[in-house]
Every structure is written in structure tokens, then in C-alpha cells.
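Below is the file protein_14.txt, which contains compact mmCIF, C-alpha atoms.
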# COMPACT_ATOMS: atom_id res chain seq x y z
CA MET A 1 203.78 40.14 32.85
CA SER A 2 203.92 38.20 29.59
CA MET A 3 200.99 38.24 27.18
CA GLY A 4 200.19 34.59 28.01
CA ALA A 5 200.14 35.24 31.75
CA PHE A 6 198.12 38.41 31.17
CA LEU A 7 195.45 36.48 29.24
CA ILE A 8 195.29 33.72 31.87
CA TYR A 9 194.94 36.34 34.60
CA PHE A 10 192.00 38.07 32.93
CA ALA A 11 190.42 34.74 31.98
CA ILE A 12 190.37 33.79 35.67
CA LEU A 13 189.15 37.26 36.56
CA LEU A 14 186.16 36.93 34.22
CA ILE A 15 185.39 33.20 34.20
CA LEU A 16 185.63 32.35 37.92
CA PRO A 17 182.86 34.72 39.09
CA LEU A 18 180.62 33.76 36.15
CA TRP A 19 181.14 30.07 36.88
CA ALA A 20 180.35 30.56 40.58
CA GLN A 21 177.17 32.54 39.84
CA SER A 22 176.04 29.93 37.32
CA LYS A 23 176.70 27.13 39.79
CA VAL A 24 174.67 28.68 42.59
CA LYS A 25 171.75 29.58 40.30
CA ASN A 26 171.58 26.14 38.70
CA THR A 27 171.89 24.31 42.03
CA TYR A 28 169.32 26.56 43.66
CA LYS A 29 166.82 26.17 40.81
CA LYS A 30 167.25 22.39 40.80
CA HIS A 31 166.59 22.04 44.53
CA MET A 32 163.76 24.57 44.62
CA LYS A 33 161.77 21.91 42.73
CA ILE A 34 162.42 19.27 45.40
CA ALA A 35 160.12 19.37 48.42
CA VAL A 36 161.64 19.12 51.90
CA SER A 37 160.34 16.07 53.80
CA SER A 38 159.09 18.11 56.78
CA GLY A 39 156.86 20.15 54.46
CA MET A 40 158.02 23.36 56.15
CA THR A 41 158.27 26.60 54.21
CA GLY A 42 161.33 28.80 54.49
CA ARG A 43 159.45 31.10 56.86
CA GLU A 44 158.47 28.17 59.07
CA VAL A 45 162.04 26.86 59.07
CA ALA A 46 163.39 30.25 60.12
CA GLN A 47 160.67 30.66 62.75
CA ARG A 48 161.34 27.25 64.34
CA LEU A 49 165.10 27.70 64.44
CA LEU A 50 164.84 31.20 65.88
CA GLN A 51 162.51 29.96 68.61
CA GLU A 52 164.67 26.93 69.40
CA ASN A 53 167.64 29.26 69.87
CA GLY A 54 165.68 31.71 72.01
CA LEU A 55 165.91 34.52 69.46
CA TYR A 56 162.42 35.90 70.00
CA ASP A 57 163.48 39.46 69.16
CA VAL A 58 164.41 38.56 65.55
CA ARG A 59 161.67 39.11 62.97
CA ILE A 60 161.16 37.37 59.62
CA GLU A 61 160.18 39.41 56.58
CA GLU A 62 159.54 38.72 52.92
CA THR A 63 161.69 40.68 50.49
CA LYS A 64 161.68 41.11 46.72
CA GLY A 65 164.31 39.82 44.31
CA PHE A 66 165.97 36.55 43.40
CA LEU A 67 168.30 35.18 46.09
CA SER A 68 168.05 38.51 47.92
CA ASP A 69 167.89 36.70 51.27
CA HIS A 70 169.94 38.19 54.09
CA TYR A 71 170.11 38.88 57.80
CA ASP A 72 170.03 42.52 58.88
CA PRO A 73 171.82 42.76 62.25
CA SER A 74 170.98 46.44 62.71
CA LYS A 75 167.24 45.72 62.70
CA LYS A 76 167.33 42.09 63.86
CA VAL A 77 165.49 40.86 60.76
CA VAL A 78 165.84 37.72 58.66
CA ARG A 79 164.68 38.66 55.16
CA LEU A 80 163.70 35.89 52.77
CA SER A 81 162.97 36.23 49.06
CA SER A 82 159.41 35.36 48.04
CA HIS A 83 160.05 31.77 46.96
CA ASN A 84 162.07 30.93 50.04
CA TYR A 85 159.52 32.63 52.28
CA HIS A 86 156.48 30.75 50.93
CA GLU A 87 157.74 27.45 49.48
CA ALA A 88 158.70 24.17 51.17
CA SER A 89 161.69 23.21 49.05
CA GLN A 90 165.21 22.07 49.90
CA SER A 91 166.52 25.38 48.58
CA ALA A 92 164.12 27.41 50.73
CA ALA A 93 164.96 25.41 53.86
CA ALA A 94 168.71 25.68 53.30
CA VAL A 95 168.68 29.43 52.64
CA ALA A 96 166.35 30.19 55.56
CA ALA A 97 168.47 28.13 57.95
CA HIS A 98 171.63 29.83 56.67
CA GLU A 99 170.24 33.29 57.41
CA VAL A 100 169.18 32.16 60.87
CA GLY A 101 172.76 30.97 61.26
CA HIS A 102 173.83 34.60 60.91
CA ALA A 103 171.26 35.65 63.52
CA ILE A 104 172.71 33.06 65.91
CA GLN A 105 176.22 34.35 65.19
CA ASP A 106 175.02 37.86 66.01
CA ALA A 107 173.41 36.76 69.26
CA GLU A 108 176.53 34.87 70.33
CA GLY A 109 178.87 37.71 69.38
CA TYR A 110 180.73 35.60 66.82
CA ALA A 111 184.14 37.26 66.47
CA PHE A 112 184.46 37.19 62.68
CA LEU A 113 180.95 38.63 62.27
CA ARG A 114 181.77 41.50 64.61
CA PHE A 115 185.04 42.13 62.81
CA ARG A 116 183.23 42.16 59.46
CA HIS A 117 180.67 44.66 60.77
CA ALA A 118 183.49 46.90 62.01
CA LEU A 119 185.10 46.80 58.56
CA VAL A 120 181.93 47.79 56.67
CA PRO A 121 182.43 51.62 56.61
CA ILE A 122 186.08 51.65 55.55
CA ALA A 123 185.67 48.63 53.23
CA SER A 124 182.73 50.30 51.48
CA PHE A 125 184.65 53.55 51.09
CA GLY A 126 187.81 51.71 50.06
CA SER A 127 186.00 49.71 47.40
CA ASN A 128 184.69 52.90 45.79
CA ALA A 129 187.73 55.15 46.28
CA SER A 130 190.64 52.79 45.67
CA PHE A 131 190.57 52.89 41.85
CA PHE A 132 190.23 56.67 41.90
CA PHE A 133 193.46 57.00 43.87
CA ILE A 134 195.25 54.32 41.82
CA ILE A 135 194.28 55.91 38.47
CA ALA A 136 195.14 59.37 39.80
CA GLY A 137 198.50 58.02 40.98
CA ILE A 138 199.24 56.65 37.52
CA LEU A 139 198.11 59.79 35.68
CA PHE A 140 200.02 62.18 37.93
CA THR A 141 202.92 59.79 38.59
CA SER A 142 202.22 60.05 42.31
CA MET A 143 203.41 57.03 44.25
CA GLN A 144 201.74 58.39 47.38
CA MET A 145 198.29 58.44 45.76
CA PHE A 146 198.89 55.01 44.23
CA LEU A 147 199.83 53.63 47.66
CA VAL A 148 196.74 55.18 49.28
CA GLY A 149 194.62 53.46 46.63
CA ILE A 150 196.27 50.11 47.40
CA ILE A 151 195.67 50.56 51.13
CA PHE A 152 191.98 51.33 50.56
CA MET A 153 191.71 48.31 48.27
CA ALA A 154 193.38 46.15 50.93
CA PHE A 155 190.58 46.96 53.39
CA ALA A 156 187.98 45.98 50.81
CA VAL A 157 189.82 42.70 50.17
CA LEU A 158 190.15 42.07 53.91
CA PHE A 159 186.36 42.43 54.20
CA GLN A 160 185.87 39.76 51.53
CA LEU A 161 188.35 37.42 53.21
CA VAL A 162 186.71 37.84 56.62
CA THR A 163 183.34 37.13 54.99
CA LEU A 164 184.48 33.58 54.14
CA PRO A 165 184.59 32.16 57.71
CA VAL A 166 181.35 34.02 58.50
CA GLU A 167 179.51 32.38 55.59
CA PHE A 168 180.98 28.91 56.09
CA ASP A 169 180.19 28.99 59.79
CA ALA A 170 176.57 30.07 59.10
CA SER A 171 176.19 27.17 56.65
CA ASN A 172 177.61 24.67 59.14
CA ARG A 173 175.23 25.96 61.78
CA ALA A 174 172.36 25.71 59.31
CA MET A 175 172.99 22.05 58.53
CA GLY A 176 173.36 21.12 62.18
CA GLN A 177 170.22 23.01 63.14
CA MET A 178 168.09 21.51 60.36
CA VAL A 179 169.14 17.94 61.12
CA GLY A 180 168.78 18.42 64.88
CA SER A 181 165.31 19.90 64.49
CA GLY A 182 164.09 17.22 62.10
CA ILE A 183 163.51 19.75 59.32
CA ILE A 184 165.44 17.50 56.96
CA GLY A 185 166.05 13.78 57.21
CA SER A 186 169.44 12.09 56.99
CA ALA A 187 168.70 11.14 53.37
CA GLU A 188 168.25 14.82 52.48
CA HIS A 189 171.43 16.03 54.16
CA ARG A 190 173.73 15.62 51.16
CA GLU A 191 171.37 17.22 48.63
CA THR A 192 170.44 20.15 50.86
CA LYS A 193 174.10 20.80 51.62
CA LYS A 194 174.75 21.22 47.89
CA VAL A 195 172.68 24.42 47.94
CA LEU A 196 174.85 25.91 50.69
CA ASP A 197 178.10 24.70 49.12
CA ALA A 198 177.18 26.28 45.78
CA ALA A 199 176.41 29.59 47.47
CA ALA A 200 179.75 29.47 49.27
CA TRP A 201 181.57 29.37 45.92
CA THR A 202 180.32 32.86 45.07
CA TYR A 203 182.08 34.22 48.16
CA VAL A 204 185.23 32.22 47.43
CA ALA A 205 185.30 33.43 43.83
CA GLY A 206 184.77 37.03 44.90
CA ALA A 207 187.58 36.82 47.44
CA VAL A 208 189.99 35.19 44.97
CA VAL A 209 189.33 37.81 42.29
CA ALA A 210 189.68 40.68 44.77
CA LEU A 211 192.94 39.27 46.14
CA MET A 212 194.34 38.80 42.63
CA GLU A 213 193.57 42.41 41.78
CA LEU A 214 195.24 43.62 44.97
CA ILE A 215 198.37 41.57 44.26
CA ARG A 216 198.49 42.90 40.69
CA PHE A 217 198.46 46.52 41.87
CA ILE A 218 201.02 45.83 44.58
CA LEU A 219 203.36 44.32 41.96
CA MET A 220 202.70 47.30 39.69
CA PHE A 221 203.54 49.67 42.55
CA LEU A 222 206.80 47.84 43.29
CA HIS A 223 207.73 47.84 39.59
CA MET A 224 207.09 51.58 39.32
CA ASN A 225 209.39 52.15 42.31
CA ASP A 226 212.28 50.19 40.73
In C-alpha cells, how does this file's structure come out?
Amino acid sequence: MSMGAFLIYFAILLILPLWAQSKVKNTYKKHMKIAVSSGMTGREVAQRLLQENGLYDVRIEETKGFLSDHYDPSKKVVRLSSHNYHEASQSAAAVAAHEVGHAIQDAEGYAFLRFRHALVPIASFGSNASFFFIIAGILFTSMQMFLVGIIFMAFAVLFQLVTLPVEFDASNRAMGQMVGSGIIGSAEHRETKKVLDAAAWTYVAGAVVALMELIRFILMFLHMND
């Protein structure tokens, strides 16, 4: 790899995630100042959508942190950060509906969500162990250890790639549910969607960076075997 290509590679590796994080934070903060026309808080949005989909066994809890919202399938809980739990903003409505989208996926047995859950143990281990094996392979000139590291990394990358359809599907469900339930009006659709689109970029950026790293190590492995 030439010096120019090397610099471009690391520029993408550093700038893309930072840009995505900045985009989601700025978009979220902008729309958290805009009230949703229905006047419903994030908790109320989540509650209505869960009830309309017959998910009476899913609880809603407040959690600490900024944009720490998530759905916990093991405990059947939609957790919303404090602002999204209490406030009636476009950001709160969008995030709450998105997390309910995951709960609906879980209830319907959405294939990509199940696949992602199955990947969690090995992807988590692979993410932590892959660099250990790769570095050990380089230090001890062991192609076997290097290859093991690449395989572990591949599982971690696969997890990130499978996450993309899961997140996009949850966002699509969220928009459809909010419009259908009258939580947002047609005039709010475009602006509310911007919150979900910005959040999606963080997953896209993460997947791109992870895939680039995997490709780099695969090329390094092939070069070392020449």
C-alpha cells in the first residue's frame, strides 16, 4: 500500500465514524427542541405502539445516559433515556418508535434479528480476541494464529453487517407505526425521519470501518503467504 493510499485509508477510518456520530447528535439535538404535534412523550408513544401491536408483555423503563435507548429482548423491555422517556419531541417520538420496532421484530421472529442474537457470543469474543491472535501471529510469524484472528474478526464484522437490515427495518416500522397511529402528522414525516436516518449512519459507518479493517488484514495475510 502506497503512502497516499495508506493516509486515505486511515483518514476514512477516523473521519467516517466521527462524522456519523456528529450527524446523529446534531440532528437529535435539533429535533429534541421541536414538539411532536400529538403532544405524546416518548413513553406514551412506546406504550401506544406496544398496545396496538398486542405486546402487553413488554415493559417500558427509563434509563440513564445520552442516546442510551435500546430494546432488551432477554427481558422484554424497551429502555428509553430520560429525555426521550419524559419529553414530547420529534426526537423522543422517533427513538421510542424505533425501539418498539425492535420489540415487534422480536415478537414476529424477524430472521435477521434472530441471526444477530445467535451471533452475539462469538461476535463479542471475536471482537476482543481477534487482534490478540493477529498481533501474536505477526510477532511469532505464525500464519495459523493470524488466520484464526481474521476468522474471529470476520464474525464480528458479520454481526455489524447483519445489524444494518435490523436497524433499517426497525426504522421503517417506526415511521409506518407513527403515521398510522396519528402520533405524527404528514407534515412531520420528513423531519422526524431525519432523526432515524441520522442514527442509521452510525451503523453504516461502523460496518464500513469494520469491513475495511477485515479486508486490510486479509490482504496482509495473503501478502505474507506470497
What are the closest atom pairs, with distances in Å to one decimal, for each residue of region 50-118 of chain A lying within 8 Å of region 17-39 of chain A, using all atoms listed in the file, rows by chain and rising residue number, as a tab-separated table?
residue	atom	partner	partner_atom	distance
A:Ala88	CA	A:Gly39	CA	5.5
A:Ser89	CA	A:Ala35	CA	4.2
A:Gln90	CA	A:Val36	CA	5.0
A:Ser91	CA	A:Met32	CA	4.9
A:Ala92	CA	A:Met32	CA	6.7
A:Ala93	CA	A:Val36	CA	7.4
Checklist entry - Residues at most 10 Å from Met145 (chain A), counting only C-alpha atoms, excluding those fewer than 2 positions away in the same chain, as an NGL selection string? => result :A and (130 or 132-138 or 140-143 or 147-151)
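What separates CA of Tyr203 (chain A) from CA of Glu167 (chain A) is a distance of 8.1 Å.
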Next on the checklist: I need the residue nearest Glu191 (chain A) from this list: A:Ala46, A:Ala94, A:Glu52, A:His70. Use only C-alpha atoms for the distance.
Outcome noted: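 Ranking A:Ala46, A:Ala94, A:Glu52, A:His70 by distance to Glu191 (chain A), first place goes to A:Ala94.
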Item to check | Counting all atoms listed in the file, the residue of A:Phe10, A:Tyr71, A:Phe66, A:Phe168 that sits nearest Ala103 (chain A) | outcome: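 Among the listed residues, A:Tyr71 lies closest to Ala103 (chain A).
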